[in-house]
Structure formats: structure tokens, C-alpha cells
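Undergrad: Quick one: the structure is below, and I'll ask about it shortly.
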Amino acid sequence: MLTPSPGGNAHKESLYDLTFSALESALVEDGLNAIHTRALWKALYRGGGVSRERLERFSPPLRRWIEARIGDDAGLFSDTPEVIADNASSDGLTRKFLLRLEDGQTIETVAMGYTGRMTACVSTQAGCAMGCVFCATGQMGFSRHLRPGEIVAQVLHARDVVSQQGGHSLRNLVLMGMGEPLHNYDAVLTALEIIGDTRGINIGPAKITISTVGVVPGILRLAEEKRGYGLAVSLHGATDAERSTLVPAGKRWPLDELIAACRTYCTRTGRRIFFEWTLIAGTNDTPAQAQRLGELLAGIDAHVNLIPLNPTGGFAGGATSAAAATEFQRVLRAAGIPSTVRQRRGIDVVAGCGQLRTERERSAA
Ligand code: SAH
Ligand code: SF4
């Protein structure tokens with residue numbers, strides 16, 4: 001199961017890759033009683049982790065099992081990422097982290113605060129293969145998928161930082177960091193099962209939103225498996241021609257297929273879908289485009305999130321004016337579609353997806 005492999009290999013497993021039942025199987029396979037699973041799980045998710053220094057608290061068989069697996073590589077074993085940047089927004093409500101993984105890849109994790117309740121925004125890939133032209137992550141290209149443990153570790157990091165800030169608890173999770181979650185389906189779903197386990201982190205499907213560029217087979221699979229996660233679909237254009245210039249994935253999964261998959265998702269899960277629309281001045285922010293969006297979403301239990309563009313180095317567009325955003329909303333409302341204008345929180349901490357890593361790499365160069 002947990003075969004430690006030589007250093008430098010990005011595909012090694014850590015304990016945080018395993019669901020409760022997979023961890024139980026690993027222990028049983030190695031001749032331990034399944035009863036030990038709870039103690040190890042509790043240490044991983046409610047007790048500050050597992051390290052060489054903290055082995056005394058485990059029963060002797062479990063201690064020996066852990067010791068044998070720590071080997072020379074306790075860092076990998078525990079999947080704790082190295083924090084290489086920690087930026088707080090001026091309003092103090094958002095903290096954005098750049099985390100270095102074991103093979104040197106860097107990813108972004110954000111903790112967003114509201115009084116008493118916090119939301120974590122995590123990455124699912126290092127880079128992204130989807131190439132949306134306005135997105136800093138898309139501009140850097142794809143490096144690799146994250147393992148489940150690398151996704152789980154981001155949530156643990158956000159949770160622990162948030163609890164140190166005092167009076168806050170991590171309640172919600174959004175997969176809106178770097179990467180396309182449904183392009184890394186199995187690892188993401190395993191991570192979400194671990195994160196939802198009531199004996200551990202305990203953030204369940206109702207509190208989790210998966211944001212996708214519109215990977216139709218992934219949406220259909222989620223619907224088929226009736227997972228109950230919240231779904232956000234990034235549209236940005238209401239015709240294939242307009243959408244594909246911003247979102248190249250739109251050529252692979254055209255709007256008729258995408259909207260049909262969304263209808264299936266609503267029917268099967270009974271959940272409302274959020275549609276994300278990055279407002280780019282003069283590109284996709286006209287009343288006519290709002291009208292077409294309203295027509296496209298007719299009959300779907302939809303809520304549109306309008307996000308004024310966060311300008312990036314690799315894209316010439318600018319953010320929509322407040323007046324244009326208000327008019328866009330008015331047209332949508334007339335078509336019966338509710339919407340919210342979301343200022344991307346903490347723009348002063350380079351909080352656009354992928355922008356912190358890009359900025360770091362530029363200054364390092
Ligand atoms: N890959 C997924 C999730 C990560 S991106 C997806 O595309 O949905 C999360 C959201 O941020 C998406 O809606 C994306 O379009 C938006 N986004 C990315 N870069 C942005 C930018 N520079 N300004 C505004 N929104 C941006
Ligand atoms: Fe990838 Fe989402 Fe960025 Fe598009 S917007 S490049 S899918 S992370």
C-alpha cells in the first residue's frame with residue numbers, strides 16, 4: 001500500500017492520500033487490528049499530525065507501523081507543505097499562501113474570512129491545461145495533478161491558520177484555486193471524501209463547491225454518482241464563438257452539451273448551479289450579452305456570479321465598470337436570473353487565481 005519510494009518522485013503517497021477505509025485496509029493488510037485506525041485518523045485530522053517527535057502517544061504496534069513508514073522522509077509522510085509566501089489583505093479578511101510541494105511545485109491556497117466563519121479556496125493542480133486567456137494559472141500551462149493528500153493538506157493548513165486567528169472556524173470549501181478540478185477527478189473526489197469525514201475535518205458536500213471550466217464528462221459523472229457537491233460552472237460567454245476565444249475548452253465541450261449536462265446535474269442532485277462570468281470591459285459585458293446569457297440559462301435553477309476581471313500580465317483586457325456590471329445584472333434580473341457581483345476578495349494580496357505564483361516567479365527571475 002504505502003510503499004515509500006526514492007526521493008524526488010512526485011507520485012509518492014502520504015497518509016493524507018487515504019480515506020478512512022483505505023487507511024484501515026492498509027493497517028489490516030500489515031497485520032494490525034482495524035481498531036487502530038481511529039487513533040491514527042484522529043492524530044492526522046484532529047491532533048496536529050504525525051511526526052517522529054510525537055510517536056509516544058500511539059500504542060506500540062501503531063508506533064512501529066508508523067516508524068517503519070516514516071523512513072527518512074517525515075516531510076513527505078506528513079504532506080505538510082512549506083509556506084513560501086503568506087500575504088494578508090489590508091482589510092485583514094483574506095490570507096493568501098503560496099505553498100511549496102515536495103517536488104518544488106508551488107500552489108496557492110486562500111483563507112477568506114467572514115466573522116466567525118471562514119472559507120478555504122484550494123488548488124487541485126499545479127498549473128492548468130485549460131488555457132483560459134485571462135487567467136494567470138492558464139497562462140502558466142499545466143505542470144501536474146495534485147495527489148489527494150496535497151489537496152487535503154491545503155485545507156488543514158487553512159484550518160489551522162484560521163483557528164490561530166481566533167474566534168473563527170473553517171466552514172466552507174471552494175475548489176477555485178489553481179487548476180481544473182474535473183481534469184483531476186479521482187484525486188479530487190478522494191480528497192473531498194477525506195475532507196468530509198465526520199471523524200476528521202468534517203466539511204461535508206453541502207459546504208463544498210467545485211468550480212469547473214465545463215468539463216462535461218466530469219459534470220455527468222458527478223450527477224451520476226449523486227455526490228451532492230455544489231457546482232459552479234465558468235461560462236464567460238453565451239455563444240460558442242464568444243466563449244471559445246476566452247475559454248479554449250469551449251471548443252471541446254460546446255455550450256449545448258454543457259448546458260444539457262448542467263440540466264442533468266440539477267435534476268439528479270436537486271441543487272442550484274452557480275455560473276461564473278468574469279466581466280471584461282468591452283468583451284463580454286454588454287446588455288446584449290447579458291440577454292443571451294439569460295436565454296441560455298432559461299429553465300435552469302441558476303445563480304450567476306459576476307466577477308470583474310482581475311487584470312493579469314498575459315492578457316490585455318481590463319475590468320468592467322461598476323455601471324456596466326449593474327446594467328448587466330439588471331438585464332439578467334429581467335430575464336429571471338438572479339446574480340451577485342463578486343469583488344474578488346483581497347485583490348491587494350494578488351488574490352487572482354495563479355497571480356501570486358506568477359509574481360513570485362517573475363521577481364525571482
Ligand atoms: N478551473 C476552475 C476553477 C479555478 S478558476 C474554473 O475555471 O472554474 C476559478 C474562477 O476564477 C473561474 O471562474 C475563473 O474563470 C475565474 N478567474 C480566473 N482568473 C481570473 C481573473 N484574472 N479575473 C477574474 N476571474 C478569474
Ligand atoms: Fe484553468 Fe480555471 Fe484558469 Fe481556466 S480559469 S485556466 S480552467 S484555472
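Scheme for the C-alpha cells: letters A, B, ... for chains in order shown; per-chain residue numbers from 1; ligand numbers from 1 in order shown.
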How would you write, as an MDAnalysis selection string, the set of residues no farther than 9 Å from ligand 2 when counting only C-alpha atoms and all ligand atoms?
TA: chainID A and resid 123 125 127:142 176:181 211:214 234 246:249 353:354
Undergrad: Write out as a PyMOL selection string all residues of stretch 111-353 of chain A that DSSP puts in strand (DSSP E or B) for this structure's backbone.
TA: chain A and resi 111-114+117-121+125-127+142-145+169-175+208-212+230-234+273-280+302-308+319+339-341
Undergrad: In Å, with one decimal, what is the gap from atom CA of A:Leu309 to atom CA of A:Val174?
TA: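 Computing the Euclidean distance for atom CA of A:Leu309 and atom CA of A:Val174 yields 18.9 Å.
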Undergrad: If we count only C-alpha atoms and set the cut-off at 12 Å, which residues sit around A:Pro254, ignoring sequence neighbours fewer than 2 positions away in its own chain? Please answer as a ChimeraX atom specification.
TA: /A:213-216,235,237-244,247-252,256-261
Undergrad: Might you pull out every residue within 12 Å of stretch 225-231 of chain A, with only C-alpha atoms counted and same-chain residues fewer than 3 positions away left off, and present them as a PyMOL selection string?
TA: chain A and resi 172-176+181-182+188-190+192-193+196+203-215+218-222+234+261-276+301-304
Undergrad: DSSP on the backbone, then: every residue of stretch 107-220 of chain A marked alpha helix (DSSP H), written as number ranges by chain.
TA: A: 136-140, 148-165, 185-196, 216-220
Undergrad: Would you save the residues of that selection, restricted to N, CA and C atoms, as a tab-separated table (two decimals), in the first residue's frame?
TA:
```
chain	number	residue	atom	x	y	z
A	136	ALA	N	-4.24	33.76	-14.86
A	136	ALA	CA	-2.79	33.64	-14.65
A	136	ALA	C	-2.36	32.17	-14.59
A	137	THR	N	-3.22	31.31	-14.05
A	137	THR	CA	-2.87	29.88	-14.00
A	137	THR	C	-2.88	29.29	-15.40
A	138	GLY	N	-3.89	29.66	-16.18
A	138	GLY	CA	-3.96	29.20	-17.56
A	138	GLY	C	-2.74	29.65	-18.36
A	139	GLN	N	-2.28	30.86	-18.07
A	139	GLN	CA	-1.12	31.40	-18.80
A	139	GLN	C	0.17	30.63	-18.48
A	140	MET	N	0.23	29.99	-17.30
A	140	MET	CA	1.48	29.28	-16.96
A	140	MET	C	1.50	27.85	-17.51
A	148	PRO	N	-4.45	13.45	-3.73
A	148	PRO	CA	-5.47	13.80	-2.72
A	148	PRO	C	-4.83	14.45	-1.49
A	149	GLY	N	-3.73	13.89	-1.02
A	149	GLY	CA	-3.10	14.41	0.19
A	149	GLY	C	-2.64	15.85	0.06
A	150	GLU	N	-2.26	16.24	-1.15
A	150	GLU	CA	-1.82	17.61	-1.37
A	150	GLU	C	-3.00	18.58	-1.35
A	151	ILE	N	-4.17	18.08	-1.67
A	151	ILE	CA	-5.39	18.91	-1.58
A	151	ILE	C	-5.85	18.98	-0.13
A	152	VAL	N	-5.85	17.83	0.53
A	152	VAL	CA	-6.25	17.77	1.95
A	152	VAL	C	-5.32	18.66	2.80
A	153	ALA	N	-4.03	18.61	2.53
A	153	ALA	CA	-3.07	19.37	3.33
A	153	ALA	C	-3.31	20.88	3.23
A	154	GLN	N	-3.80	21.33	2.09
A	154	GLN	CA	-4.12	22.77	1.96
A	154	GLN	C	-5.26	23.15	2.90
A	155	VAL	N	-6.26	22.26	2.98
A	155	VAL	CA	-7.40	22.54	3.86
A	155	VAL	C	-6.94	22.56	5.32
A	156	LEU	N	-6.08	21.61	5.67
A	156	LEU	CA	-5.56	21.57	7.05
A	156	LEU	C	-4.78	22.85	7.35
A	157	HIS	N	-3.97	23.27	6.38
A	157	HIS	CA	-3.18	24.49	6.58
A	157	HIS	C	-4.12	25.68	6.81
A	158	ALA	N	-5.12	25.82	5.94
A	158	ALA	CA	-6.06	26.95	6.07
A	158	ALA	C	-6.79	26.86	7.41
A	159	ARG	N	-7.24	25.67	7.77
A	159	ARG	CA	-7.98	25.50	9.02
A	159	ARG	C	-7.13	25.92	10.22
A	160	ASP	N	-5.87	25.50	10.21
A	160	ASP	CA	-5.03	25.77	11.38
A	160	ASP	C	-4.67	27.25	11.48
A	161	VAL	N	-4.46	27.88	10.33
A	161	VAL	CA	-4.17	29.31	10.33
A	161	VAL	C	-5.38	30.09	10.84
A	162	VAL	N	-6.54	29.69	10.35
A	162	VAL	CA	-7.78	30.35	10.72
A	162	VAL	C	-8.04	30.20	12.22
A	163	SER	N	-7.79	29.02	12.76
A	163	SER	CA	-8.07	28.83	14.18
A	163	SER	C	-7.07	29.62	15.03
A	164	GLN	N	-5.84	29.79	14.50
A	164	GLN	CA	-4.87	30.62	15.24
A	164	GLN	C	-5.30	32.08	15.28
A	165	GLN	N	-6.04	32.50	14.24
A	165	GLN	CA	-6.50	33.90	14.23
A	165	GLN	C	-7.54	34.13	15.31
A	185	TYR	N	-10.21	14.28	-11.60
A	185	TYR	CA	-11.44	13.84	-10.93
A	185	TYR	C	-11.19	12.90	-9.75
A	186	ASP	N	-10.45	11.83	-9.98
A	186	ASP	CA	-10.34	10.81	-8.93
A	186	ASP	C	-9.64	11.35	-7.68
A	187	ALA	N	-8.55	12.08	-7.89
A	187	ALA	CA	-7.82	12.62	-6.73
A	187	ALA	C	-8.69	13.63	-5.98
A	188	VAL	N	-9.42	14.45	-6.73
A	188	VAL	CA	-10.27	15.46	-6.10
A	188	VAL	C	-11.38	14.80	-5.28
A	189	LEU	N	-12.01	13.79	-5.87
A	189	LEU	CA	-13.12	13.15	-5.15
A	189	LEU	C	-12.63	12.37	-3.93
A	190	THR	N	-11.45	11.79	-4.04
A	190	THR	CA	-10.88	11.12	-2.85
A	190	THR	C	-10.60	12.16	-1.77
A	191	ALA	N	-10.00	13.28	-2.16
A	191	ALA	CA	-9.71	14.34	-1.20
A	191	ALA	C	-10.99	14.82	-0.52
A	192	LEU	N	-12.05	14.99	-1.31
A	192	LEU	CA	-13.30	15.51	-0.74
A	192	LEU	C	-13.94	14.50	0.22
A	193	GLU	N	-13.72	13.22	-0.06
A	193	GLU	CA	-14.24	12.20	0.87
A	193	GLU	C	-13.48	12.29	2.21
A	194	ILE	N	-12.18	12.48	2.13
A	194	ILE	CA	-11.37	12.61	3.35
A	194	ILE	C	-11.79	13.88	4.12
A	195	ILE	N	-11.96	14.98	3.38
A	195	ILE	CA	-12.30	16.27	4.00
A	195	ILE	C	-13.69	16.22	4.63
A	196	GLY	N	-14.60	15.43	4.04
A	196	GLY	CA	-15.97	15.35	4.55
A	196	GLY	C	-16.14	14.38	5.70
A	216	VAL	N	-17.55	18.46	-19.42
A	216	VAL	CA	-18.85	17.79	-19.47
A	216	VAL	C	-18.82	16.37	-18.89
A	217	PRO	N	-17.85	15.52	-19.26
A	217	PRO	CA	-17.89	14.17	-18.70
A	217	PRO	C	-17.78	14.17	-17.17
A	218	GLY	N	-17.04	15.11	-16.61
A	218	GLY	CA	-16.91	15.20	-15.16
A	218	GLY	C	-18.21	15.62	-14.50
A	219	ILE	N	-18.92	16.58	-15.13
A	219	ILE	CA	-20.20	17.03	-14.57
A	219	ILE	C	-21.20	15.87	-14.59
A	220	LEU	N	-21.21	15.13	-15.70
A	220	LEU	CA	-22.15	14.00	-15.81
A	220	LEU	C	-21.81	12.91	-14.81
```
Undergrad: With distances taken over only C-alpha atoms, which of A:Asn33, A:Ser14, A:Thr109, A:Thr326 is nearest to A:Asn87?
TA: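 When distances to A:Asn87 are compared using only C-alpha atoms, the smallest one comes from A:Thr109.
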Undergrad: Quick check, in Å to one decimal: how far apart do atom CA of A:Arg292 and atom CA of A:His236 lie?
TA: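 We find that atom CA of A:Arg292 and atom CA of A:His236 lie 11.6 Å from each other.
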Undergrad: Just how far from atom CA of A:Ala364 is atom CA of A:Leu98, in Å to one decimal?
TA: 14.0 Å
